[in-house]
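A.B. asks: Hey, dropping input37.cif in here, mmCIF, C-alpha atoms:
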data_run
loop_
_atom_site.label_atom_id
_atom_site.label_comp_id
_atom_site.auth_asym_id
_atom_site.auth_seq_id
_atom_site.Cartn_x
_atom_site.Cartn_y
_atom_site.Cartn_z
CA MET J 22 99.15 23.13 -14.37
CA THR J 23 96.27 25.50 -14.24
CA ALA J 24 92.75 24.12 -14.78
CA THR J 25 90.49 26.08 -17.04
CA LEU J 26 86.84 26.26 -16.15
CA THR J 27 84.48 26.29 -19.12
CA PRO J 28 81.02 27.69 -18.46
CA THR J 29 78.19 25.36 -19.44
CA THR J 30 74.83 26.38 -20.88
CA PRO J 31 71.83 25.10 -18.91
CA VAL J 32 69.57 22.78 -20.85
CA ALA J 33 65.87 23.56 -20.65
CA ASP J 34 63.58 20.75 -19.44
CA THR J 35 61.13 20.16 -22.28
CA ARG J 36 59.20 17.35 -20.63
CA PRO J 37 55.44 18.11 -20.45
CA VAL J 38 54.09 18.92 -17.02
CA ARG J 39 51.67 16.33 -15.76
CA LEU J 40 48.85 17.41 -13.50
CA ALA J 41 47.79 15.31 -10.56
CA PRO J 42 44.10 14.39 -10.27
CA LEU J 43 43.77 16.82 -7.37
CA ASP J 44 45.21 19.62 -9.50
CA ILE J 45 42.78 18.83 -12.33
CA LEU J 46 39.90 18.93 -9.84
CA ARG J 47 41.13 22.25 -8.49
CA LEU J 48 41.26 23.69 -12.03
CA GLY J 49 37.80 22.35 -12.80
CA LEU J 50 36.36 23.99 -9.69
CA LEU J 51 38.12 27.27 -10.47
CA GLY J 52 35.51 28.29 -13.03
CA ILE J 53 32.73 27.42 -10.59
CA ARG J 54 34.27 29.44 -7.76
CA THR J 55 35.01 32.52 -9.87
CA ARG J 56 31.62 32.55 -11.61
CA LYS J 57 29.30 31.58 -8.77
CA ILE J 58 26.08 33.00 -10.22
CA ARG J 59 26.65 31.38 -13.62
CA ALA J 60 27.58 28.11 -11.93
CA ALA J 61 24.46 28.23 -9.76
CA LEU J 62 22.25 28.83 -12.78
CA SER J 63 24.01 26.05 -14.68
CA ALA J 64 23.54 23.60 -11.79
CA LEU J 65 19.92 24.72 -11.47
CA GLY J 66 19.08 23.24 -14.85
CA ILE J 67 20.35 19.76 -14.02
CA SER J 68 18.93 19.93 -10.47
CA ILE J 69 15.47 20.66 -11.84
CA GLY J 70 15.80 17.71 -14.21
CA ILE J 71 16.90 15.31 -11.47
CA ALA J 72 14.30 16.64 -9.02
CA THR J 73 11.66 16.14 -11.70
CA MET J 74 12.80 12.57 -12.20
CA ILE J 75 12.53 11.79 -8.49
CA VAL J 76 9.19 13.56 -8.15
CA VAL J 77 7.62 11.84 -11.17
CA THR J 78 8.74 8.49 -9.81
CA GLY J 79 8.26 9.12 -6.08
CA ILE J 80 4.78 10.68 -6.15
CA PRO J 81 3.24 8.02 -8.44
CA ALA J 82 5.02 5.35 -6.37
CA SER J 83 3.47 6.79 -3.20
CA SER J 84 0.07 6.95 -4.89
CA GLN J 85 0.57 3.41 -6.13
CA LYS J 86 1.47 2.23 -2.64
CA ALA J 87 -1.72 3.77 -1.26
CA LEU J 88 -3.74 2.14 -4.05
CA MET J 89 -2.01 -1.20 -3.46
CA ASN J 90 -2.88 -0.99 0.23
CA GLU J 91 -6.53 -0.36 -0.65
CA LEU J 92 -6.56 -3.25 -3.11
CA SER J 93 -4.83 -5.53 -0.61
CA ALA J 94 -7.57 -4.71 1.88
CA LEU J 95 -9.97 -6.27 -0.64
CA GLY J 96 -8.34 -9.65 -0.09
CA THR J 97 -6.02 -9.96 -3.08
CA ASN J 98 -3.88 -12.44 -1.14
CA MET J 99 -6.70 -14.45 0.45
CA LEU J 100 -8.23 -17.83 -0.36
CA GLN J 101 -10.99 -19.87 1.29
CA ALA J 102 -11.31 -23.63 1.36
CA VAL J 103 -14.54 -25.42 2.28
CA PRO J 104 -15.69 -29.05 2.06
CA ASN J 105 -17.57 -29.82 -1.14
CA SER J 106 -20.44 -31.69 0.47
CA THR J 107 -22.96 -33.47 -1.72
CA GLY J 108 -26.16 -35.26 -0.71
CA ASN J 109 -26.74 -36.29 2.87
CA ASN J 110 -23.15 -37.29 3.57
CA PRO J 111 -21.23 -34.20 4.68
CA VAL J 112 -17.47 -34.17 4.09
CA LEU J 113 -15.41 -33.58 7.21
CA LEU J 114 -12.06 -31.88 6.78
CA PRO J 115 -9.22 -33.39 8.83
CA PRO J 116 -8.63 -31.69 12.19
CA GLN J 117 -4.94 -31.23 11.29
CA SER J 118 -5.68 -29.56 7.93
CA VAL J 119 -4.76 -26.07 9.18
CA ASP J 120 -1.34 -27.25 10.32
CA MET J 121 -0.77 -28.96 6.99
CA VAL J 122 -1.63 -25.80 5.05
CA ARG J 123 0.88 -23.81 7.10
CA ARG J 124 3.64 -26.03 5.71
CA ILE J 125 3.11 -24.67 2.18
CA GLY J 126 6.01 -22.32 1.53
CA PRO J 127 4.23 -19.23 0.10
CA VAL J 128 1.45 -19.37 2.74
CA THR J 129 1.79 -16.54 5.26
CA GLN J 130 -1.34 -17.14 7.36
CA ALA J 131 -3.66 -20.12 7.84
CA SER J 132 -6.65 -20.10 10.14
CA ALA J 133 -10.05 -21.77 10.42
CA VAL J 134 -13.50 -21.69 11.92
CA ALA J 135 -15.92 -24.56 12.52
CA ASN J 136 -19.65 -24.67 13.00
CA THR J 137 -20.44 -26.07 16.46
CA HIS J 138 -24.23 -26.28 15.70
CA ALA J 139 -24.85 -24.65 19.06
CA THR J 140 -27.64 -22.18 19.80
CA VAL J 141 -27.12 -18.81 21.43
CA TYR J 142 -29.51 -16.53 23.34
CA ARG J 143 -29.26 -13.24 25.15
CA ASN J 144 -29.98 -14.98 28.49
CA ASP J 145 -31.70 -18.00 29.97
CA ARG J 146 -35.06 -16.21 30.14
CA VAL J 147 -35.47 -15.96 26.37
CA ASP J 148 -38.07 -18.22 24.72
CA PRO J 149 -36.17 -21.10 23.01
CA ASN J 150 -38.38 -20.62 19.96
CA ASP J 151 -37.16 -17.03 19.66
CA TYR J 152 -33.92 -17.99 17.91
CA ALA J 153 -31.59 -15.13 17.00
CA GLY J 154 -30.40 -16.79 13.76
CA LEU J 155 -26.74 -16.59 14.74
CA THR J 156 -24.01 -19.18 14.22
CA VAL J 157 -21.68 -20.29 16.98
CA LEU J 158 -18.23 -20.89 15.49
CA ALA J 159 -15.12 -22.38 17.02
CA SER J 160 -12.25 -20.11 16.01
CA LYS J 161 -8.50 -20.26 15.86
CA THR J 162 -6.72 -17.46 17.71
CA ASN J 163 -5.11 -16.06 14.53
CA LEU J 164 -8.39 -15.57 12.67
CA LEU J 165 -8.21 -11.76 12.65
CA LYS J 166 -4.91 -11.74 10.75
CA ALA J 167 -6.25 -14.19 8.19
CA ILE J 168 -9.38 -12.17 7.32
CA ASN J 169 -8.10 -8.59 7.92
CA ALA J 170 -10.57 -8.09 10.76
CA LYS J 171 -10.31 -5.68 13.70
CA VAL J 172 -11.65 -5.60 17.23
CA GLN J 173 -14.01 -2.71 17.86
CA SER J 174 -14.02 -3.11 21.63
CA GLY J 175 -12.53 -5.52 24.12
CA ARG J 176 -10.06 -8.15 22.87
CA PHE J 177 -9.98 -11.25 20.71
CA LEU J 178 -9.45 -14.86 21.72
CA SER J 179 -5.94 -15.72 22.86
CA PRO J 180 -4.14 -18.83 24.11
CA ALA J 181 -5.01 -17.65 27.63
CA THR J 182 -8.77 -17.36 27.00
CA GLU J 183 -9.58 -19.93 24.30
CA LYS J 184 -9.83 -22.75 26.85
CA PHE J 185 -12.46 -20.95 28.93
CA PRO J 186 -16.13 -20.13 28.17
CA THR J 187 -15.42 -16.79 26.53
CA ALA J 188 -16.85 -15.40 23.29
CA VAL J 189 -16.24 -12.68 20.72
CA LEU J 190 -19.21 -11.32 18.81
CA GLY J 191 -19.42 -10.22 15.21
CA SER J 192 -20.93 -6.78 14.58
CA VAL J 193 -24.36 -8.11 13.60
CA ALA J 194 -24.37 -10.72 16.37
CA ALA J 195 -23.57 -8.06 18.96
CA SER J 196 -26.48 -5.94 17.74
CA ARG J 197 -28.95 -8.84 17.85
CA LEU J 198 -27.82 -9.90 21.31
CA GLY J 199 -27.96 -6.34 22.63
CA VAL J 200 -24.24 -6.12 23.43
CA SER J 201 -22.78 -2.76 22.35
CA ARG J 202 -19.40 -3.04 24.03
CA ALA J 203 -17.45 -5.84 25.66
CA GLY J 204 -16.68 -5.73 29.36
CA GLY J 205 -19.50 -3.35 30.26
CA GLY J 206 -20.59 -5.22 33.38
CA ALA J 207 -21.84 -8.69 34.27
CA SER J 208 -25.32 -8.21 32.77
CA ASP J 209 -23.86 -6.78 29.56
CA SER J 210 -21.10 -9.35 29.02
CA LEU J 211 -22.81 -12.72 29.39
CA ILE J 212 -24.60 -14.76 26.73
CA TYR J 213 -26.30 -18.15 26.91
CA VAL J 214 -24.81 -20.80 24.59
CA ASN J 215 -26.23 -24.35 24.74
CA ASN J 216 -27.43 -23.86 28.30
CA ARG J 217 -24.03 -22.51 29.38
CA TRP J 218 -22.96 -18.98 30.23
CA PHE J 219 -20.19 -17.48 28.11
CA THR J 220 -18.46 -14.21 28.90
CA VAL J 221 -18.24 -11.73 26.02
CA ILE J 222 -14.69 -10.40 25.91
CA GLY J 223 -14.77 -8.62 22.54
CA VAL J 224 -16.87 -7.19 19.74
CA LEU J 225 -15.55 -7.11 16.17
CA ALA J 226 -15.86 -4.29 13.68
CA LYS J 227 -17.55 -5.07 10.37
CA THR J 228 -15.63 -7.58 8.26
CA PRO J 229 -16.48 -6.89 4.60
CA LEU J 230 -14.24 -9.72 3.39
CA SER J 231 -16.03 -12.29 5.53
CA PRO J 232 -19.65 -11.23 6.13
CA ASP J 233 -20.45 -14.60 7.74
CA ILE J 234 -18.24 -13.62 10.67
CA ASP J 235 -20.43 -10.57 11.31
CA ARG J 236 -23.36 -12.87 12.11
CA SER J 237 -21.35 -15.26 14.27
CA VAL J 238 -20.42 -15.85 17.87
CA LEU J 239 -16.80 -16.93 18.08
CA VAL J 240 -15.60 -19.20 20.87
CA GLY J 241 -12.21 -20.76 21.52
CA TRP J 242 -11.28 -24.00 19.75
CA ASP J 243 -10.53 -25.83 23.00
CA ALA J 244 -13.55 -24.34 24.80
CA ALA J 245 -15.79 -25.57 21.99
CA ARG J 246 -14.46 -29.09 22.52
CA THR J 247 -15.01 -29.12 26.28
CA GLN J 248 -18.14 -26.97 26.57
CA LEU J 249 -20.02 -27.59 23.30
CA LYS J 250 -18.91 -31.13 22.33
CA PHE J 251 -17.21 -29.89 19.18
CA ASP J 252 -15.60 -32.70 17.13
CA GLY J 253 -12.57 -30.66 15.93
CA HIS J 254 -13.28 -30.71 12.17
CA PRO J 255 -12.94 -27.24 10.57
CA THR J 256 -15.61 -26.10 8.14
CA VAL J 257 -13.90 -23.06 6.56
CA LEU J 258 -10.17 -22.49 6.12
CA TYR J 259 -8.84 -18.97 5.54
CA ILE J 260 -5.47 -18.78 3.81
CA LYS J 261 -3.18 -15.86 3.05
CA ALA J 262 -0.30 -16.35 0.60
CA GLU J 263 2.23 -14.38 -1.41
CA GLU J 264 0.38 -12.62 -4.21
CA ASP J 265 2.69 -13.76 -7.00
CA ARG J 266 2.21 -17.40 -5.92
CA MET J 267 -1.56 -17.40 -5.42
CA GLU J 268 -2.33 -19.64 -8.39
CA ALA J 269 0.29 -22.20 -7.37
CA VAL J 270 -1.00 -22.28 -3.78
CA ARG J 271 -4.57 -22.70 -4.99
CA GLN J 272 -3.57 -25.75 -7.05
CA VAL J 273 -1.94 -27.62 -4.15
CA LEU J 274 -4.46 -26.72 -1.43
CA PRO J 275 -7.01 -29.52 -2.04
CA ALA J 276 -4.39 -32.29 -1.92
CA THR J 277 -2.77 -30.68 1.12
CA ILE J 278 -6.01 -30.26 3.08
CA TYR J 279 -7.52 -33.64 2.24
CA PRO J 280 -4.92 -35.98 0.67
CA GLU J 281 -7.36 -38.90 0.45
CA LEU J 282 -10.14 -36.99 -1.33
CA PRO J 283 -8.78 -33.73 -2.81
CA GLY J 284 -11.83 -33.47 -5.06
CA MET J 285 -13.97 -32.97 -1.97
CA VAL J 286 -12.28 -29.62 -1.19
CA GLN J 287 -13.51 -26.47 -2.91
CA VAL J 288 -11.07 -23.53 -3.02
CA SER J 289 -12.16 -20.03 -3.97
CA ARG J 290 -10.42 -18.38 -6.91
CA PRO J 291 -8.17 -15.35 -6.32
CA SER J 292 -9.93 -12.03 -6.02
CA ASP J 293 -10.52 -10.00 -9.18
CA ALA J 294 -8.75 -7.17 -7.36
CA LEU J 295 -5.50 -9.14 -7.72
CA ALA J 296 -5.66 -8.90 -11.52
CA ALA J 297 -6.41 -5.18 -11.26
CA LYS J 298 -3.48 -4.74 -8.89
CA ARG J 299 -1.07 -6.47 -11.24
CA ALA J 300 -2.27 -4.40 -14.21
CA THR J 301 -1.86 -1.22 -12.17
CA GLN J 302 1.71 -2.14 -11.23
CA SER J 303 2.76 -2.70 -14.86
CA THR J 304 1.08 0.54 -16.00
CA PHE J 305 2.84 2.58 -13.32
CA SER J 306 6.20 0.98 -14.13
CA ALA J 307 5.95 1.99 -17.80
CA LEU J 308 4.94 5.52 -16.79
CA PHE J 309 7.92 5.85 -14.44
CA LEU J 310 10.39 4.86 -17.15
CA GLY J 311 9.04 7.30 -19.74
CA LEU J 312 8.87 10.33 -17.44
CA ALA J 313 12.32 9.69 -15.98
CA GLY J 314 13.86 9.47 -19.46
CA VAL J 315 12.36 12.80 -20.52
CA ALA J 316 13.57 14.53 -17.34
CA LEU J 317 17.14 13.27 -17.78
CA LEU J 318 17.20 14.30 -21.45
CA VAL J 319 16.12 17.85 -20.60
CA GLY J 320 18.78 18.15 -17.90
CA GLY J 321 21.54 16.85 -20.20
CA ILE J 322 20.69 19.32 -22.95
CA GLY J 323 20.81 22.17 -20.44
CA VAL J 324 24.27 21.25 -19.18
CA ALA J 325 25.67 20.80 -22.70
CA ASN J 326 24.33 24.20 -23.74
CA THR J 327 25.83 25.84 -20.66
CA MET J 328 29.28 24.32 -21.25
CA VAL J 329 29.37 25.39 -24.92
CA ILE J 330 28.59 28.95 -23.91
CA SER J 331 31.25 28.71 -21.19
CA VAL J 332 33.90 27.82 -23.78
CA LEU J 333 32.94 30.79 -25.93
CA GLU J 334 33.07 33.15 -22.95
CA ARG J 335 36.45 31.90 -21.70
CA ARG J 336 38.53 31.95 -24.84
CA ARG J 337 41.00 34.43 -23.32
CA GLU J 338 41.55 32.15 -20.34
CA ILE J 339 42.09 29.20 -22.68
CA GLY J 340 44.57 31.20 -24.80
CA LEU J 341 46.59 32.33 -21.78
CA ARG J 342 46.80 28.79 -20.40
CA ARG J 343 47.89 27.44 -23.78
CA ALA J 344 50.51 30.19 -24.07
CA LEU J 345 51.84 29.32 -20.64
CA GLY J 346 52.37 25.68 -21.64
CA ALA J 347 49.09 23.88 -21.00
CA ASN J 348 48.54 21.13 -23.53
CA ARG J 349 45.28 20.05 -25.13
CA GLY J 350 44.76 17.15 -22.76
CA GLN J 351 44.92 19.45 -19.75
CA ILE J 352 42.42 21.85 -21.31
CA ARG J 353 40.08 18.94 -22.04
CA SER J 354 40.42 17.65 -18.48
CA GLN J 355 39.71 21.08 -17.02
CA PHE J 356 36.45 21.64 -18.87
CA LEU J 357 35.32 18.01 -18.56
CA THR J 358 35.92 18.15 -14.80
CA GLU J 359 33.99 21.41 -14.57
CA SER J 360 31.07 19.87 -16.46
CA VAL J 361 31.01 16.82 -14.19
CA ALA J 362 31.30 18.99 -11.07
CA LEU J 363 28.42 21.21 -12.19
CA SER J 364 26.25 18.21 -12.93
CA GLY J 365 27.23 16.52 -9.67
CA LEU J 366 26.32 19.57 -7.58
CA GLY J 367 23.10 19.98 -9.51
CA GLY J 368 22.31 16.28 -9.14
CA LEU J 369 22.89 16.40 -5.38
CA ALA J 370 20.69 19.48 -4.98
CA GLY J 371 18.04 17.99 -7.26
CA THR J 372 18.01 14.72 -5.34
CA VAL J 373 17.47 16.50 -2.02
CA LEU J 374 14.81 18.76 -3.54
CA GLY J 375 13.01 15.84 -5.18
CA VAL J 376 12.97 13.77 -1.98
CA LEU J 377 11.63 16.67 0.09
CA ALA J 378 8.96 17.48 -2.49
CA THR J 379 7.85 13.86 -2.72
CA VAL J 380 7.66 13.36 1.05
CA GLY J 381 5.81 16.65 1.49
CA TYR J 382 3.21 15.93 -1.18
CA ALA J 383 2.68 12.33 -0.07
CA THR J 384 2.19 13.47 3.52
CA TYR J 385 -0.29 16.13 2.39
CA GLN J 386 -2.28 13.50 0.46
CA ASP J 387 -2.10 11.08 3.41
CA TRP J 388 -0.18 8.56 1.32
CA PRO J 389 2.68 6.40 2.58
CA PRO J 390 5.82 8.23 1.32
CA VAL J 391 7.76 6.02 -1.08
CA ILE J 392 11.14 7.11 -2.43
CA PRO J 393 12.48 4.48 -4.85
CA LEU J 394 16.15 3.94 -4.00
CA SER J 395 16.79 3.25 -7.65
CA SER J 396 15.55 6.75 -8.50
CA VAL J 397 17.78 8.37 -5.88
CA ALA J 398 20.83 6.43 -7.10
CA ALA J 399 19.92 7.07 -10.73
CA GLY J 400 19.40 10.74 -9.91
CA PHE J 401 22.90 11.37 -8.65
CA GLY J 402 24.62 8.79 -10.83
CA GLY J 403 22.73 9.99 -13.88
CA ALA J 404 23.85 13.55 -13.19
CA ILE J 405 27.48 12.46 -13.27
CA VAL J 406 27.01 10.55 -16.52
CA ILE J 407 25.13 13.46 -18.05
CA GLY J 408 27.92 15.82 -16.99
CA MET J 409 30.51 13.64 -18.69
CA ALA J 410 28.46 13.31 -21.88
CA ALA J 411 27.58 17.00 -21.97
CA GLY J 412 31.18 18.06 -21.39
CA VAL J 413 32.80 15.99 -24.14
CA TYR J 414 32.12 18.33 -27.08
CA PRO J 415 32.81 21.61 -25.23
CA SER J 416 36.07 20.25 -23.77
CA ILE J 417 37.27 19.02 -27.19
CA ARG J 418 36.36 22.34 -28.76
CA ALA J 419 38.25 24.24 -26.08
CA SER J 420 41.34 22.06 -26.48
CA ARG J 421 41.47 22.67 -30.24
CA LEU J 422 41.81 26.41 -29.83
CA THR J 423 45.39 27.57 -30.48
CA PRO J 424 46.82 30.33 -28.24
CA THR J 425 46.81 32.91 -31.03
CA GLU J 426 43.31 32.01 -32.15
CA ALA J 427 41.96 32.13 -28.62
CA LEU J 428 43.59 35.47 -27.78
CA ALA J 429 42.67 37.02 -31.10
CA THR J 430 38.96 36.21 -30.78
CA ALA J 431 38.66 36.99 -27.10
#
Any chance you could give the structure as structure tokens?

C.D. replies:
Amino acid sequence: MTATLTPTTPVADTRPVRLAPLDILRLGLLGIRTRKIRAALSALGISIGIATMIVVTGIPASSQKALMNELSALGTNMLQAVPNSTGNNPVLLPPQSVDMVRRIGPVTQASAVANTHATVYRNDRVDPNDYAGLTVLASKTNLLKAINAKVQSGRFLSPATEKFPTAVLGSVAASRLGVSRAGGGASDSLIYVNNRWFTVIGVLAKTPLSPDIDRSVLVGWDAARTQLKFDGHPTVLYIKAEEDRMEAVRQVLPATIYPELPGMVQVSRPSDALAAKRATQSTFSALFLGLAGVALLVGGIGVANTMVISVLERRREIGLRRALGANRGQIRSQFLTESVALSGLGGLAGTVLGVLATVGYATYQDWPPVIPLSSVAAGFGGAIVIGMAAGVYPSIRASRLTPTEALATA
């Protein structure tokens, strides 16, 4: 028996070709690579928008930071507590009151000074009736941090020196006692306090937040006990606390300092600069939001306009791809990917440009450079979102073109 071979007709595979994500990305970047100048100009629009957003948030934020630093220097986070003495019976604050204040959660610094009622002279040859009108205060070693003071020359009291007869002079006290700099020799660094010699180890710069310190001679807490018969009761407490908790701290301070008689403790109210600082923060925040929204809107309109024009210019390409078997979904993916890629490149360039411009301008103005991380993230992320939104209509319009329509109008 002879077998007969019957030729068979091959069956065409009509299944649609599916593109991998990498292939779609490659197609989307094709238009960018082949039209580099147009792509650069298209990305320039979104980069300017994103750079504007970062600049209009970064520069005001840097200016705000500089303003906040100036306002903070006015004592927006400082409080003072003093005994509310009435009549001839002075109220004595507990010696442990400073340690008790430190236990309050929002308190960041707590220090104190105390009047020793000692007299001070330039030397032992001065007439006792020729009093310099200065106050000798026992001081905690962390006083400078609590009142935003600085040492002009020499050094401040420390755990190593507070037990010895050493002193630090306020700016006015140094002038009255004839001491211009600390450590300038034996005759220039000794003062006479209650018939005892004290060595001047430092001179403070002016302290506008605490003018009483300018007219004071500061000695160590332990040295005041041993040398000047100080009883250990503070007369003024200086407190620093978190600015958003100032009112709460002020309410609990009297009962914390003097639990038995909280009414005998008078606490200063927060500085008026704190209210101004809070108002400035809210004003700047509203300004940031408005300017950033306008910048993003302008960038999005630019990308959408560019992609619509791109569809009109590339009708022949769309027709050829449709004739070769590309379906509408692939055409949409191609143009949507191109739009996102353009916006992403523009967003990256705009973010770098905005950061550099902000840092440069802040440095020129001698401001602390502040780049809000939210603006940087919103800059690049917003560019991607804008690219997707701007590419929806052009990609749908391109996918609706039939091969004959696209080739006929090209």

A.B. asks: Quick one: residues within 12 Å of Ser106 (chain J), all atoms listed in the file counted, chain neighbours fewer than 2 positions away excluded, as an MDAnalysis selection string?

C.D. replies: chainID J and resid 103:104 108:114 256 282 284:287

A.B. asks: Given only C-alpha atoms as the basis, pick out the residue of J:Thr156, J:Ala60, J:Ser68, J:Phe185 nearest to Phe401 (chain J).

C.D. replies: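 Comparing J:Thr156, J:Ala60, J:Ser68, J:Phe185 against Phe401 (chain J), the winner is J:Ser68.
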
A.B. asks: What is the distance, in Å and to one decimal place, between CA of Leu198 (chain J) and CA of Pro186 (chain J)?

C.D. replies: 17.0 Å

A.B. asks: Would you list the contacts of Thr129 (chain J) as number ranges by chain, taking every protein, DNA or RNA residue within 9 Å and counting only C-alpha atoms, but skipping same-chain residues closer than 4 positions in sequence?

C.D. replies: J: 123, 125, 167, 260-263

A.B. asks: Store the residues picked out above in a file with C-alpha atoms, as a PDB file, in the frame of the given file.

C.D. replies:
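The result, stored in part39.pdb:
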ATOM      1  CA  ARG J 123       0.880 -23.810   7.100  1.00  0.00           C
ATOM      2  CA  ILE J 125       3.110 -24.670   2.180  1.00  0.00           C
ATOM      3  CA  ALA J 167      -6.250 -14.190   8.190  1.00  0.00           C
ATOM      4  CA  ILE J 260      -5.470 -18.780   3.810  1.00  0.00           C
ATOM      5  CA  LYS J 261      -3.180 -15.860   3.050  1.00  0.00           C
ATOM      6  CA  ALA J 262      -0.300 -16.350   0.600  1.00  0.00           C
ATOM      7  CA  GLU J 263       2.230 -14.380  -1.410  1.00  0.00           C
TER       8      GLU J 263
END

A.B. asks: Could you tell me, as a PyMOL selection string, exactly which residues end up selected when the PyMOL selection byres ((chain J and resi 210-219) around 10) is applied to this structure?

C.D. replies: chain J and resi 138-147+157+185-189+198-209+220-223+238+240+248-249

A.B. asks: Which residue is closest to Asp265 (chain J)? Choose from J:Val128, J:Val376, J:Ala194, J:Ala135 and count all atoms listed in the file.

C.D. replies: J:Val128

A.B. asks: I'd like the contact shell of Arg236 (chain J) - 6 Å cut-off, all atoms listed in the file, skipping same-chain residues fewer than 3 positions apart - returned as number ranges by chain.

C.D. replies: J: 155, 191, 193-194, 233

A.B. asks: Given the file above and the PyMOL selection byres ((chain J and resi 277) around 9), which residues are selected, and can you give them as JSON, numbers by chain?

C.D. replies: {"J": [118, 121, 122, 125, 273, 274, 275, 276, 278, 279, 280, 283]}

A.B. asks: Selection from above, C-alpha atoms, as a compact mmCIF listing (two decimals), keeping the file's coordinate frame, can you write it?

C.D. replies:
# COMPACT_ATOMS: atom_id res chain seq x y z
CA SER J 118 -5.68 -29.56 7.93
CA MET J 121 -0.77 -28.96 6.99
CA VAL J 122 -1.63 -25.80 5.05
CA ILE J 125 3.11 -24.67 2.18
CA VAL J 273 -1.94 -27.62 -4.15
CA LEU J 274 -4.46 -26.72 -1.43
CA PRO J 275 -7.01 -29.52 -2.04
CA ALA J 276 -4.39 -32.29 -1.92
CA ILE J 278 -6.01 -30.26 3.08
CA TYR J 279 -7.52 -33.64 2.24
CA PRO J 280 -4.92 -35.98 0.67
CA PRO J 283 -8.78 -33.73 -2.81

A.B. asks: Please write the residues picked by the PyMOL selection byres ((chain J and resi 224-229) around 6) on this file as number ranges by chain.

C.D. replies: J: 170-174, 189-192, 223, 230-232

A.B. asks: Calculate how many Å separate CA of Ser132 (chain J) from CA of Thr182 (chain J), rounding to one decimal.

C.D. replies: 17.2 Å

A.B. asks: Separation of CA of Ala102 (chain J) and CA of Glu281 (chain J), in Å?

C.D. replies: 15.8 Å

A.B. asks: Using all atoms listed in the file, can you tell me which of J:Glu359, J:Glu268, J:Asp252, J:Asp148 comes closest to Met99 (chain J)?

C.D. replies: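 So, comparing all the options, the nearest one is J:Glu268.
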
A.B. asks: Closest to Gly70 (chain J) among J:Gly365, J:Val319, J:Thr379, J:Ala399, using only C-alpha atoms?

C.D. replies: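 Answer, going by the shortest atom-to-atom distance: J:Val319.
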
A.B. asks: May I ask which of the residues J:Pro149, J:Pro180, J:Gly368, J:Pro255 is the closest one to Gln117 (chain J), counting all atoms listed in the file?

C.D. replies: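 Of J:Pro149, J:Pro180, J:Gly368, J:Pro255, the one nearest Gln117 (chain J) is J:Pro255, counting all atoms listed in the file.
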
A.B. asks: Find the residues around region 161-165 of chain J up to 8 Å (only C-alpha atoms counted), leave out those fewer than 2 positions away in its own chain, and share them as a list in words.

C.D. replies: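 Everything that qualifies: Ala131, Ser132, Ala133, Val134, Ala159, Ala167, Ile168, Asn169, Ala170, Lys171, Phe177, Leu178, Ser179, Pro180, Glu183, Gly241, Trp242 and Tyr259 of chain J.
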
A.B. asks: Which residue is closest to Leu43 (chain J)? Choose from J:Thr358, J:Thr78, J:Ser83, J:Ser237 and count all atoms listed in the file.

C.D. replies: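 Between J:Thr358, J:Thr78, J:Ser83, J:Ser237, the residue approaching Leu43 (chain J) most closely is J:Thr358.
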